[in-house]
>>> print(open('run.csv').read())   # CSV, C-alpha atoms
chain,number,residue,atom,x,y,z
A,1,MET,CA,0.0,0.0,0.0
A,2,ILE,CA,2.9,2.3,0.7
A,3,ARG,CA,3.8,2.0,-3.0
A,4,HIS,CA,0.3,3.0,-3.9
A,5,ILE,CA,0.4,6.1,-1.7
A,6,LYS,CA,3.7,7.2,-3.2
A,7,SER,CA,2.2,6.7,-6.6
A,8,ALA,CA,-0.8,8.8,-5.7
A,9,LEU,CA,1.4,11.6,-4.4
A,10,LYS,CA,3.9,11.7,-7.3
A,11,ARG,CA,3.6,14.5,-9.8
A,12,PRO,CA,0.4,14.1,-11.8
A,13,ALA,CA,0.4,13.7,-15.6
A,14,PRO,CA,-0.3,17.0,-17.5
A,15,TYR,CA,-3.9,17.9,-17.6
A,16,HIS,CA,-5.4,18.2,-21.1
A,17,MET,CA,-7.6,21.3,-21.3
A,18,SER,CA,-9.8,19.4,-23.8
A,19,HIS,CA,-11.1,17.4,-20.7
A,20,LEU,CA,-12.1,20.5,-18.8
A,21,THR,CA,-15.6,20.9,-20.3
A,22,GLY,CA,-16.5,17.2,-19.6
A,23,ASP,CA,-15.1,17.3,-16.1
A,24,LEU,CA,-16.8,20.6,-15.2
A,25,THR,CA,-20.2,19.5,-16.7
A,26,ALA,CA,-20.1,16.1,-15.0
A,27,GLY,CA,-19.1,17.7,-11.6
A,28,MET,CA,-22.1,20.0,-11.8
A,29,ILE,CA,-24.6,17.4,-12.8
A,30,VAL,CA,-23.4,15.0,-10.0
A,31,THR,CA,-23.8,17.8,-7.5
A,32,PHE,CA,-27.5,18.1,-8.5
A,33,LEU,CA,-27.8,14.5,-7.4
A,34,LEU,CA,-25.4,14.7,-4.5
A,35,ILE,CA,-27.2,17.6,-2.6
A,36,PRO,CA,-30.5,15.8,-2.0
A,37,GLN,CA,-28.9,12.4,-1.6
A,38,SER,CA,-26.4,13.6,1.0
A,39,MET,CA,-29.2,15.2,3.1
A,40,ALA,CA,-31.4,12.1,2.7
A,41,TYR,CA,-28.6,9.7,3.7
A,42,ALA,CA,-27.6,11.8,6.7
A,43,ASN,CA,-31.3,11.6,7.8
A,44,LEU,CA,-31.1,7.8,7.3
A,45,ALA,CA,-28.0,7.6,9.4
A,46,GLY,CA,-29.7,9.5,12.3
A,47,VAL,CA,-27.5,12.6,12.1
A,48,PRO,CA,-28.1,16.3,11.2
A,49,VAL,CA,-28.2,16.8,7.4
A,50,THR,CA,-25.2,19.2,7.7
A,51,MET,CA,-23.0,16.2,8.5
A,52,GLY,CA,-24.2,14.6,5.2
A,53,LEU,CA,-23.4,17.7,3.2
A,54,TYR,CA,-19.9,18.0,4.5
A,55,ALA,CA,-19.3,14.3,4.0
A,56,SER,CA,-19.9,15.0,0.3
A,57,ALA,CA,-17.1,17.5,0.1
A,58,PHE,CA,-13.8,17.0,1.9
A,59,PRO,CA,-13.6,13.1,1.8
A,60,LEU,CA,-14.3,13.3,-2.0
A,61,ILE,CA,-11.3,15.5,-2.5
A,62,ILE,CA,-9.0,13.2,-0.5
A,63,TYR,CA,-10.3,10.1,-2.4
A,64,ALA,CA,-9.4,11.9,-5.7
A,65,ILE,CA,-5.8,12.2,-4.4
A,66,PHE,CA,-5.3,8.6,-3.2
A,67,GLY,CA,-7.9,6.5,-5.1
A,68,SER,CA,-7.3,5.0,-8.6
A,69,SER,CA,-10.7,5.4,-10.2
A,70,ARG,CA,-11.3,8.4,-12.5
A,71,TYR,CA,-15.1,8.3,-12.0
A,72,LEU,CA,-15.9,7.0,-8.5
A,73,SER,CA,-18.0,9.5,-6.5
A,74,VAL,CA,-17.4,9.1,-2.8
A,75,GLY,CA,-19.7,10.3,-0.1
A,76,PRO,CA,-22.7,9.3,1.9
A,77,VAL,CA,-24.4,6.1,0.6
A,78,SER,CA,-27.6,4.3,1.7
A,79,ILE,CA,-26.0,1.1,2.9
A,80,ALA,CA,-23.3,2.6,5.1
A,81,SER,CA,-25.9,5.1,6.5
A,82,LEU,CA,-28.3,2.3,7.4
A,83,LEU,CA,-25.6,0.2,9.0
A,84,THR,CA,-24.5,3.2,11.0
A,85,LEU,CA,-28.1,3.8,12.3
A,86,THR,CA,-28.9,0.2,13.1
A,87,GLY,CA,-25.5,-0.6,14.5
A,88,LEU,CA,-25.3,2.4,16.9
A,89,SER,CA,-29.0,2.8,17.9
A,90,GLY,CA,-28.5,0.2,20.6
A,91,LEU,CA,-25.7,2.3,22.1
A,92,ALA,CA,-27.1,5.8,22.0
A,93,VAL,CA,-30.2,7.7,20.9
A,94,PRO,CA,-30.0,8.9,17.2
A,95,ARG,CA,-29.1,12.6,16.9
A,96,SER,CA,-28.0,12.8,20.5
A,97,GLU,CA,-24.5,14.0,21.3
A,98,PRO,CA,-23.3,10.5,22.4
A,99,PHE,CA,-24.7,9.1,19.1
A,100,LEU,CA,-22.9,11.7,17.0
A,101,GLN,CA,-19.6,11.0,18.9
A,102,LEU,CA,-20.0,7.3,18.1
A,103,VAL,CA,-20.7,8.1,14.4
A,104,VAL,CA,-17.5,10.1,14.1
A,105,LEU,CA,-15.5,7.5,15.9
A,106,LEU,CA,-17.0,4.9,13.6
A,107,SER,CA,-15.7,6.8,10.6
A,108,LEU,CA,-12.2,6.6,12.0
A,109,LEU,CA,-12.4,2.9,12.7
A,110,VAL,CA,-13.8,2.2,9.1
A,111,GLY,CA,-11.0,4.2,7.6
A,112,THR,CA,-8.3,2.6,9.7
A,113,ILE,CA,-9.6,-0.9,8.9
A,114,GLN,CA,-9.6,-0.1,5.2
A,115,LEU,CA,-6.1,1.2,5.3
A,116,LEU,CA,-4.9,-1.9,7.2
A,117,MET,CA,-6.7,-4.2,4.7
A,118,GLY,CA,-4.9,-2.3,1.9
A,119,LEU,CA,-1.6,-2.6,3.7
A,120,PHE,CA,-1.9,-6.3,4.1
A,121,LYS,CA,-3.2,-6.7,0.5
A,122,PHE,CA,-6.7,-8.0,1.5
A,123,GLY,CA,-8.2,-6.2,-1.5
A,124,SER,CA,-7.5,-9.0,-3.9
A,125,PHE,CA,-8.9,-11.6,-1.4
A,126,LEU,CA,-12.1,-9.7,-0.8
A,127,GLN,CA,-12.9,-9.8,-4.5
A,128,TYR,CA,-13.4,-13.5,-4.3
A,129,VAL,CA,-16.2,-13.4,-1.7
A,130,SER,CA,-19.3,-15.2,-3.1
A,131,SER,CA,-21.5,-13.0,-5.2
A,132,GLY,CA,-24.5,-14.7,-3.7
A,133,VAL,CA,-23.5,-13.4,-0.3
A,134,ILE,CA,-23.0,-9.8,-1.4
A,135,ASN,CA,-26.1,-9.7,-3.6
A,136,GLY,CA,-28.3,-11.3,-1.0
A,137,PHE,CA,-27.0,-9.0,1.7
A,138,ILE,CA,-27.3,-5.8,-0.3
A,139,SER,CA,-30.9,-6.9,-1.4
A,140,ALA,CA,-31.8,-7.4,2.3
A,141,LEU,CA,-30.4,-4.0,3.2
A,142,ALA,CA,-32.4,-2.4,0.4
A,143,PHE,CA,-35.6,-3.8,1.7
A,144,ILE,CA,-34.7,-2.7,5.3
A,145,ILE,CA,-33.8,0.8,4.0
A,146,ILE,CA,-37.2,1.1,2.3
A,147,GLY,CA,-38.9,-0.1,5.4
A,148,HIS,CA,-37.1,2.5,7.5
A,149,GLN,CA,-38.2,5.3,5.1
A,150,LEU,CA,-41.9,4.3,4.9
A,151,PRO,CA,-42.9,6.1,8.1
A,152,SER,CA,-41.5,9.4,6.8
A,153,LEU,CA,-42.9,8.8,3.4
A,154,LEU,CA,-46.4,8.1,4.7
A,155,GLY,CA,-46.5,10.1,7.8
A,156,VAL,CA,-47.1,7.3,10.3
A,157,PRO,CA,-45.5,6.7,13.7
A,158,ARG,CA,-42.1,5.0,13.4
A,159,PRO,CA,-42.2,1.5,15.0
A,160,VAL,CA,-39.3,0.2,17.1
A,161,TYR,CA,-36.9,-1.9,14.9
A,162,ASN,CA,-36.0,-5.3,16.2
A,163,HIS,CA,-36.0,-7.3,13.1
A,164,PHE,CA,-37.5,-6.8,9.7
A,165,SER,CA,-40.6,-9.0,9.8
A,166,ALA,CA,-41.8,-7.7,13.2
A,167,TYR,CA,-41.1,-4.1,12.0
A,168,ILE,CA,-43.3,-4.6,8.9
A,169,VAL,CA,-46.1,-6.0,11.0
A,170,GLU,CA,-46.0,-3.0,13.3
A,171,LEU,CA,-45.8,-0.6,10.4
A,172,ILE,CA,-49.0,-2.2,8.8
A,173,ASN,CA,-50.8,-1.8,12.1
A,174,ALA,CA,-49.8,1.9,12.2
A,175,LEU,CA,-51.2,2.6,8.7
A,176,PRO,CA,-54.6,3.9,10.1
A,177,LYS,CA,-52.7,6.7,11.7
A,178,MET,CA,-51.3,7.9,8.4
A,179,HIS,CA,-51.1,11.6,7.8
A,180,LEU,CA,-52.8,11.9,4.4
A,181,LEU,CA,-51.1,15.1,3.3
A,182,THR,CA,-47.7,13.8,4.1
A,183,ALA,CA,-48.4,10.6,2.3
A,184,LEU,CA,-49.6,12.6,-0.8
A,185,VAL,CA,-46.3,14.6,-0.8
A,186,GLY,CA,-44.2,11.4,-0.4
A,187,LEU,CA,-46.0,9.3,-3.0
A,188,ALA,CA,-46.2,12.1,-5.5
A,189,SER,CA,-42.5,12.6,-5.1
A,190,LEU,CA,-41.9,8.9,-5.7
A,191,LEU,CA,-44.2,8.9,-8.8
A,192,PHE,CA,-42.4,12.0,-10.2
A,193,LEU,CA,-39.0,10.4,-9.8
A,194,TRP,CA,-40.2,7.3,-11.7
A,195,VAL,CA,-41.8,9.4,-14.5
A,196,VAL,CA,-38.6,11.5,-15.0
A,197,GLN,CA,-36.5,8.4,-15.1
A,198,LYS,CA,-38.8,6.7,-17.7
A,199,THR,CA,-39.1,9.8,-19.9
A,200,LEU,CA,-35.8,11.5,-19.8
A,201,ARG,CA,-33.4,8.5,-19.3
A,202,ALA,CA,-31.3,10.8,-17.2
A,203,SER,CA,-30.8,11.7,-13.5
A,204,PRO,CA,-32.2,15.2,-12.9
A,205,GLY,CA,-35.2,13.7,-11.1
A,206,PRO,CA,-34.0,13.9,-7.5
A,207,PHE,CA,-32.9,17.6,-7.9
A,208,ILE,CA,-36.1,18.6,-9.7
A,209,VAL,CA,-38.4,17.0,-7.1
A,210,PHE,CA,-36.1,18.4,-4.4
A,211,LEU,CA,-36.7,22.0,-5.6
A,212,THR,CA,-40.3,21.5,-6.6
A,213,SER,CA,-41.3,20.1,-3.2
A,214,ILE,CA,-39.6,23.1,-1.4
A,215,VAL,CA,-41.6,25.6,-3.6
A,216,LEU,CA,-44.9,23.8,-3.1
A,217,VAL,CA,-44.5,23.4,0.7
A,218,ASP,CA,-43.6,27.1,1.0
A,219,PHE,CA,-46.3,28.4,-1.3
A,220,PHE,CA,-49.1,26.3,0.3
A,221,GLN,CA,-47.6,26.4,3.8
A,222,LEU,CA,-48.0,22.7,4.1
A,223,ASN,CA,-45.7,22.6,7.1
A,224,GLN,CA,-48.5,24.4,9.1
A,225,LYS,CA,-50.8,21.5,8.0
A,226,GLY,CA,-48.7,18.7,9.5
A,227,VAL,CA,-46.1,18.0,6.8
A,228,ALA,CA,-42.7,17.6,8.5
A,229,ILE,CA,-39.9,19.7,7.0
A,230,VAL,CA,-36.1,19.8,7.4
A,231,GLY,CA,-36.2,23.3,8.9
A,232,ARG,CA,-33.1,25.5,9.5
A,233,ILE,CA,-29.8,23.9,8.4
A,234,PRO,CA,-26.8,25.4,10.1
A,235,ARG,CA,-23.8,26.1,7.9
A,236,GLU,CA,-21.4,24.8,10.6
A,237,LEU,CA,-21.1,21.2,11.8
A,238,PRO,CA,-22.3,20.4,15.3
A,239,HIS,CA,-19.6,20.6,17.9
A,240,ILE,CA,-18.7,17.1,18.9
A,241,ALA,CA,-16.4,16.5,21.9
A,242,LEU,CA,-15.0,13.1,21.1
A,243,THR,CA,-15.1,11.0,24.3
A,244,VAL,CA,-15.8,7.3,24.6
A,245,SER,CA,-17.3,5.9,27.8
A,246,GLY,CA,-15.1,2.9,27.9
A,247,TRP,CA,-13.4,0.0,26.1
A,248,ASP,CA,-16.7,-1.9,26.0
A,249,THR,CA,-18.2,0.8,23.8
A,250,PHE,CA,-15.1,1.0,21.6
A,251,LEU,CA,-15.0,-2.8,21.1
A,252,ALA,CA,-18.7,-2.8,20.3
A,253,LEU,CA,-18.0,-0.6,17.3
A,254,VAL,CA,-15.3,-2.9,15.8
A,255,PRO,CA,-17.6,-5.5,14.3
A,256,LEU,CA,-19.8,-2.8,12.8
A,257,ALA,CA,-16.8,-1.0,11.4
A,258,PHE,CA,-15.5,-4.2,9.8
A,259,VAL,CA,-18.9,-4.8,8.1
A,260,ILE,CA,-19.1,-1.2,6.8
A,261,ALA,CA,-15.4,-1.3,5.7
A,262,PHE,CA,-16.0,-4.5,3.7
A,263,ILE,CA,-19.3,-3.6,2.2
A,264,SER,CA,-18.1,-0.1,1.3
A,265,PHE,CA,-15.1,-1.5,-0.5
A,266,PHE,CA,-17.0,-4.2,-2.3
A,267,GLU,CA,-19.7,-1.8,-3.5
A,268,SER,CA,-17.2,0.9,-4.5
A,269,PHE,CA,-14.7,-1.4,-6.2
A,270,SER,CA,-17.5,-3.2,-8.2
A,271,VAL,CA,-18.8,-0.1,-9.8
A,272,ALA,CA,-15.3,1.4,-10.3
A,273,GLN,CA,-14.0,-1.7,-11.9
A,274,SER,CA,-17.0,-2.1,-14.2
A,275,LEU,CA,-16.4,1.4,-15.6
A,276,ALA,CA,-12.6,0.8,-15.9
A,277,ASP,CA,-13.3,-2.3,-17.9
A,278,ARG,CA,-15.2,-0.2,-20.5
A,279,LYS,CA,-12.0,1.8,-21.0
A,280,GLN,CA,-9.8,-1.2,-20.8
A,281,GLU,CA,-8.2,0.2,-17.7
A,282,ARG,CA,-7.1,-1.8,-14.6
A,283,LEU,CA,-7.7,-0.7,-11.0
A,284,SER,CA,-5.7,-1.7,-8.0
A,285,ALA,CA,-8.0,-3.2,-5.3
A,286,ASN,CA,-5.5,-2.3,-2.5
A,287,ARG,CA,-5.1,1.3,-3.7
A,288,GLU,CA,-8.9,1.6,-3.7
A,289,LEU,CA,-8.9,0.5,-0.1
A,290,ALA,CA,-6.3,3.1,0.7
A,291,GLY,CA,-8.3,5.8,-1.1
A,292,LEU,CA,-11.5,4.9,0.8
A,293,GLY,CA,-9.5,4.5,4.1
A,294,PHE,CA,-8.1,8.1,3.8
A,295,ALA,CA,-11.6,9.4,2.8
A,296,ASN,CA,-13.2,7.9,5.9
A,297,ILE,CA,-10.4,9.2,8.1
A,298,THR,CA,-11.0,12.6,6.6
A,299,SER,CA,-14.7,12.2,7.6
A,300,PHE,CA,-13.5,11.6,11.2
A,301,VAL,CA,-11.3,14.7,11.1
A,302,VAL,CA,-14.1,16.9,9.7
A,303,GLY,CA,-16.7,15.3,12.0
A,304,THR,CA,-19.0,13.5,9.6
A,305,ILE,CA,-20.4,10.0,8.7
A,306,PRO,CA,-18.7,7.0,7.1
A,307,VAL,CA,-18.5,7.4,3.3
A,308,SER,CA,-18.2,5.0,0.3
A,309,GLY,CA,-18.4,5.0,-3.5
A,310,ALA,CA,-21.9,5.5,-4.7
A,311,ILE,CA,-23.2,3.3,-7.6
A,312,SER,CA,-25.8,5.8,-8.9
A,313,ARG,CA,-23.6,9.0,-8.6
A,314,THR,CA,-20.6,7.2,-10.2
A,315,ALA,CA,-22.7,6.0,-13.1
A,316,VAL,CA,-24.0,9.6,-13.6
A,317,ASN,CA,-20.5,11.0,-13.4
A,318,TYR,CA,-19.3,8.7,-16.1
A,319,ALA,CA,-22.4,9.2,-18.3
A,320,SER,CA,-22.1,13.0,-18.0
A,321,GLY,CA,-18.8,13.1,-19.7
A,322,ALA,CA,-16.2,12.9,-16.9
A,323,LYS,CA,-12.7,12.4,-18.2
A,324,THR,CA,-10.5,12.6,-15.1
A,325,LYS,CA,-10.6,12.8,-11.3
A,326,LEU,CA,-11.0,16.6,-11.5
A,327,SER,CA,-14.8,15.9,-12.1
A,328,VAL,CA,-15.2,14.7,-8.5
A,329,VAL,CA,-13.1,17.6,-7.2
A,330,PHE,CA,-15.5,20.0,-9.0
A,331,SER,CA,-18.4,18.2,-7.3
A,332,ALA,CA,-16.8,18.7,-3.9
A,333,LEU,CA,-16.2,22.4,-4.6
A,334,PHE,CA,-19.8,22.9,-5.8
A,335,MET,CA,-21.0,21.2,-2.6
A,336,LEU,CA,-19.0,23.6,-0.5
A,337,VAL,CA,-20.6,26.5,-2.3
A,338,ALA,CA,-24.0,25.0,-1.7
A,339,ILE,CA,-23.3,24.5,2.0
A,340,LEU,CA,-22.1,28.1,2.4
A,341,TYR,CA,-24.7,29.9,0.3
A,342,MET,CA,-27.7,27.7,-0.5
A,343,THR,CA,-28.7,26.0,2.8
A,344,PRO,CA,-31.3,28.6,3.7
A,345,LEU,CA,-33.2,27.6,0.5
A,346,PHE,CA,-33.7,24.1,1.9
A,347,TYR,CA,-35.8,25.2,4.9
A,348,TYR,CA,-39.1,24.0,3.5
A,349,LEU,CA,-37.8,20.7,2.2
A,350,PRO,CA,-40.3,18.0,3.3
A,351,LYS,CA,-38.9,14.9,5.0
A,352,ALA,CA,-41.4,12.8,2.9
A,353,THR,CA,-39.5,13.9,-0.3
A,354,LEU,CA,-36.2,12.9,1.3
A,355,ALA,CA,-37.7,9.5,2.0
A,356,ALA,CA,-38.9,9.2,-1.6
A,357,ILE,CA,-35.4,10.0,-2.9
A,358,ILE,CA,-33.9,7.3,-0.7
A,359,ILE,CA,-36.5,4.7,-1.6
A,360,PHE,CA,-36.1,5.4,-5.3
A,361,ALA,CA,-32.3,5.3,-5.1
A,362,VAL,CA,-32.0,1.9,-3.3
A,363,PHE,CA,-34.8,0.1,-5.2
A,364,ASN,CA,-32.3,-0.9,-7.9
A,365,LEU,CA,-30.2,-2.6,-5.2
A,366,ILE,CA,-32.8,-5.3,-4.9
A,367,HIS,CA,-31.2,-8.0,-7.1
A,368,ILE,CA,-34.3,-9.9,-8.2
A,369,ARG,CA,-32.9,-10.5,-11.7
A,370,GLN,CA,-29.7,-11.9,-10.2
A,371,LEU,CA,-31.6,-14.3,-8.0
A,372,THR,CA,-33.6,-15.4,-11.1
A,373,TYR,CA,-30.4,-16.1,-12.9
A,374,TYR,CA,-29.0,-18.1,-9.9
A,375,LEU,CA,-32.2,-20.2,-9.8
A,376,LYS,CA,-31.8,-21.1,-13.5
A,377,HIS,CA,-28.0,-21.5,-13.7
A,378,ASP,CA,-26.4,-21.7,-10.3
A,379,LEU,CA,-28.4,-23.2,-7.4
A,380,TYR,CA,-25.4,-23.0,-5.1
A,381,GLN,CA,-25.4,-19.2,-5.4
A,382,ALA,CA,-29.2,-19.1,-5.1
A,383,VAL,CA,-29.1,-21.0,-1.7
A,384,VAL,CA,-26.3,-18.6,-0.5
A,385,PHE,CA,-28.3,-15.6,-1.7
A,386,LEU,CA,-31.5,-16.7,0.1
A,387,ALA,CA,-29.8,-17.8,3.3
A,388,THR,CA,-28.1,-14.4,3.5
A,389,LEU,CA,-31.3,-12.5,2.7
A,390,PHE,CA,-33.5,-14.2,5.2
A,391,THR,CA,-31.0,-14.4,8.1
A,392,THR,CA,-30.4,-10.7,7.6
A,393,PHE,CA,-34.2,-10.1,7.8
A,394,MET,CA,-34.9,-12.4,10.8
A,395,ILE,CA,-31.8,-12.1,13.0
A,396,GLY,CA,-29.7,-9.0,12.2
A,397,ILE,CA,-27.5,-7.2,9.7
A,398,ILE,CA,-24.1,-8.3,11.0
A,399,GLN,CA,-25.2,-11.8,11.8
A,400,GLY,CA,-26.8,-12.1,8.4
A,401,LEU,CA,-23.6,-11.3,6.6
A,402,LEU,CA,-21.5,-13.7,8.8
A,403,ILE,CA,-24.0,-16.5,8.3
A,404,GLY,CA,-24.1,-16.0,4.6
A,405,ILE,CA,-20.3,-16.2,4.4
A,406,ILE,CA,-20.4,-19.4,6.6
A,407,VAL,CA,-23.1,-21.0,4.4
A,408,SER,CA,-21.2,-20.1,1.3
A,409,ALA,CA,-18.0,-21.7,2.7
A,410,VAL,CA,-19.7,-24.8,3.8
A,411,ILE,CA,-21.5,-25.4,0.5
A,412,LYS,CA,-18.4,-24.6,-1.5
A,413,GLY,CA,-16.4,-27.1,0.6
A,414,THR,CA,-19.0,-29.7,0.1
A,415,ARG,CA,-18.9,-29.2,-3.6
A,416,VAL,CA,-15.2,-29.5,-3.7
A,417,GLN,CA,-15.2,-32.8,-1.9
>>> encode(input="run.csv", output="structure tokens")
Amino acid sequence: MIRHIKSALKRPAPYHMSHLTGDLTAGMIVTFLLIPQSMAYANLAGVPVTMGLYASAFPLIIYAIFGSSRYLSVGPVSIASLLTLTGLSGLAVPRSEPFLQLVVLLSLLVGTIQLLMGLFKFGSFLQYVSSGVINGFISALAFIIIGHQLPSLLGVPRPVYNHFSAYIVELINALPKMHLLTALVGLASLLFLWVVQKTLRASPGPFIVFLTSIVLVDFFQLNQKGVAIVGRIPRELPHIALTVSGWDTFLALVPLAFVIAFISFFESFSVAQSLADRKQERLSANRELAGLGFANITSFVVGTIPVSGAISRTAVNYASGAKTKLSVVFSALFMLVAILYMTPLFYYLPKATLAAIIIFAVFNLIHIRQLTYYLKHDLYQAVVFLATLFTTFMIGIIQGLLIGIIVSAVIKGTRVQ
């Protein structure tokens, strides 16, 4: 990994000015997607939206220095945010100061683990984890994320989350208490996102619904009729005095940090490698671990949430004409401008719209087509997929991943014999 760091810090190749238009355009378009997503994923993680906005700026710049992908957009993502919320909720109340302290410490642990995995060249090994485990786990997380957002989308009381099946039953029982105006805003936002995607074949939907919902709530004063809004967003991050109550708390974070570090790398590297393959380029898995590790350590220094490479934003960055890493640097700079000068405009943003943006973004993470393929062509992977999916639902997130890996190893060992 030391070699990769030296390679990242050496004098960069000359920049071709012909790339500037593509990088600048891509950076701006990605920012339109990044602003609503960073706020939505901060809300999902149980932290102030300001922490999500800052997590979309400084870590992105650091990744551009140390990472190897020209297109990867690093920042808040749905899976890492959900893991943060569910993993830390048992230790502190979301949005409380102790919770925010744990979130920031978690960023440090995730970054340190990723750096150590890169140092000991675990990147190449992690690429060989069964695809059934990863696809089953990510599909389960997508369902859980959607379940977590339904109360905000529909305006119903949020049930206590123990495991997915019990949560859904409680959510169904709470439907008679639905706030109809909130549900109308949320479902209309979701429908609008779907229509924009089907008609334009592009990704302006989140930003358009983001701005439209703000204007409508402000004009019709829907916040005075029971529609929950984001409210005032401070430009500065909350002051967090980093203290840990004891080693027990610290050690409780380590398994969660390992899961986030692993899933973040796998998700990031998969999308980065797929785009590199189109250009017949080769990425270094261990250098990607180093880039993500330094990005998460930057999140700790700044005081924000764990970050990862985002599938949707990376695809938009590539499709929008990005040529070099400068495109993500432009995105980070545009984010800083938005934080400093645009946050007052977000006051009337309805939380139901944020929930719709999250649900729409993670829906594509449900790998139904992949499961269908497994059932037709690879029953081993299908069993692993379903075992991981249902144990994550019924027992827990970390346990589901571990059981999936164990089932995969046992079945694979049996097949070899």
>>> residues_around(input="run.csv", residues="segment 134-146 of chain A", least_positions_apart="6", cutoff="6 Å", atoms="all atoms listed in the file", output="MDAnalysis selection string")
chainID A and resid 359 362 365:367 385 388:389
>>> atom_distance(input="run.csv", atom1="atom CA of Ala272 of chain A", atom2="atom CA of Ala285 of chain A")
10.0 Å
>>> residues_near_point(input="run.csv", point="(-37.1, -3.1, 12.7)", cutoff="9 Å", atoms="all atoms listed in the file", output="list in words")
Thr86, Ile144, Gly147, His148, Pro159, Val160, Tyr161, Asn162, His163, Phe164, Ser165, Ala166, Tyr167, Ile168 and Glu170 of chain A
>>> residues_around(input="run.csv", residues="Gly132 of chain A", least_positions_apart="5", cutoff="8 Å", atoms="only C-alpha atoms", output="VMD selection string")
chain A and resid 381 to 382 384 to 385
>>> atom_distance(input="run.csv", atom1="atom CA of Met178 of chain A", atom2="atom CA of Ile358 of chain A")
19.6 Å
>>> atom_distance(input="run.csv", atom1="atom CA of Met342 of chain A", atom2="atom CA of Ile79 of chain A")
26.9 Å
>>> build_atoms(input="run.csv", residues="segment 259-263 of chain A", atoms="all heavy atoms", output="short mmCIF file (atom, residue, chain, number, x, y, z; two decimals), in the frame of the given file")
data_model
loop_
_atom_site.label_atom_id
_atom_site.label_comp_id
_atom_site.auth_asym_id
_atom_site.auth_seq_id
_atom_site.Cartn_x
_atom_site.Cartn_y
_atom_site.Cartn_z
N VAL A 259 -17.82 -4.55 9.06
CA VAL A 259 -18.90 -4.80 8.10
C VAL A 259 -18.97 -3.60 7.11
O VAL A 259 -19.03 -3.77 5.88
CB VAL A 259 -20.23 -5.02 8.77
CG1 VAL A 259 -21.36 -5.07 7.74
CG2 VAL A 259 -20.20 -6.32 9.55
N ILE A 260 -18.98 -2.37 7.64
CA ILE A 260 -19.10 -1.20 6.80
C ILE A 260 -17.84 -1.08 5.89
O ILE A 260 -17.94 -0.78 4.69
CB ILE A 260 -19.24 0.08 7.63
CG1 ILE A 260 -20.58 0.07 8.36
CG2 ILE A 260 -19.14 1.34 6.75
CD1 ILE A 260 -20.81 1.25 9.28
N ALA A 261 -16.65 -1.35 6.45
CA ALA A 261 -15.40 -1.30 5.70
C ALA A 261 -15.46 -2.26 4.49
O ALA A 261 -15.09 -1.93 3.36
CB ALA A 261 -14.22 -1.55 6.55
N PHE A 262 -15.93 -3.48 4.77
CA PHE A 262 -16.00 -4.50 3.70
C PHE A 262 -17.01 -4.20 2.67
O PHE A 262 -16.72 -4.21 1.47
CB PHE A 262 -16.25 -5.86 4.40
CG PHE A 262 -16.63 -6.94 3.42
CD1 PHE A 262 -15.73 -7.39 2.48
CD2 PHE A 262 -17.91 -7.49 3.43
CE1 PHE A 262 -16.08 -8.38 1.56
CE2 PHE A 262 -18.27 -8.46 2.52
CZ PHE A 262 -17.36 -8.91 1.59
N ILE A 263 -18.25 -3.90 3.11
CA ILE A 263 -19.30 -3.60 2.20
C ILE A 263 -19.03 -2.38 1.34
O ILE A 263 -19.27 -2.32 0.14
CB ILE A 263 -20.67 -3.51 2.89
CG1 ILE A 263 -21.07 -4.86 3.50
CG2 ILE A 263 -21.76 -3.02 1.95
CD1 ILE A 263 -21.28 -5.95 2.49
#
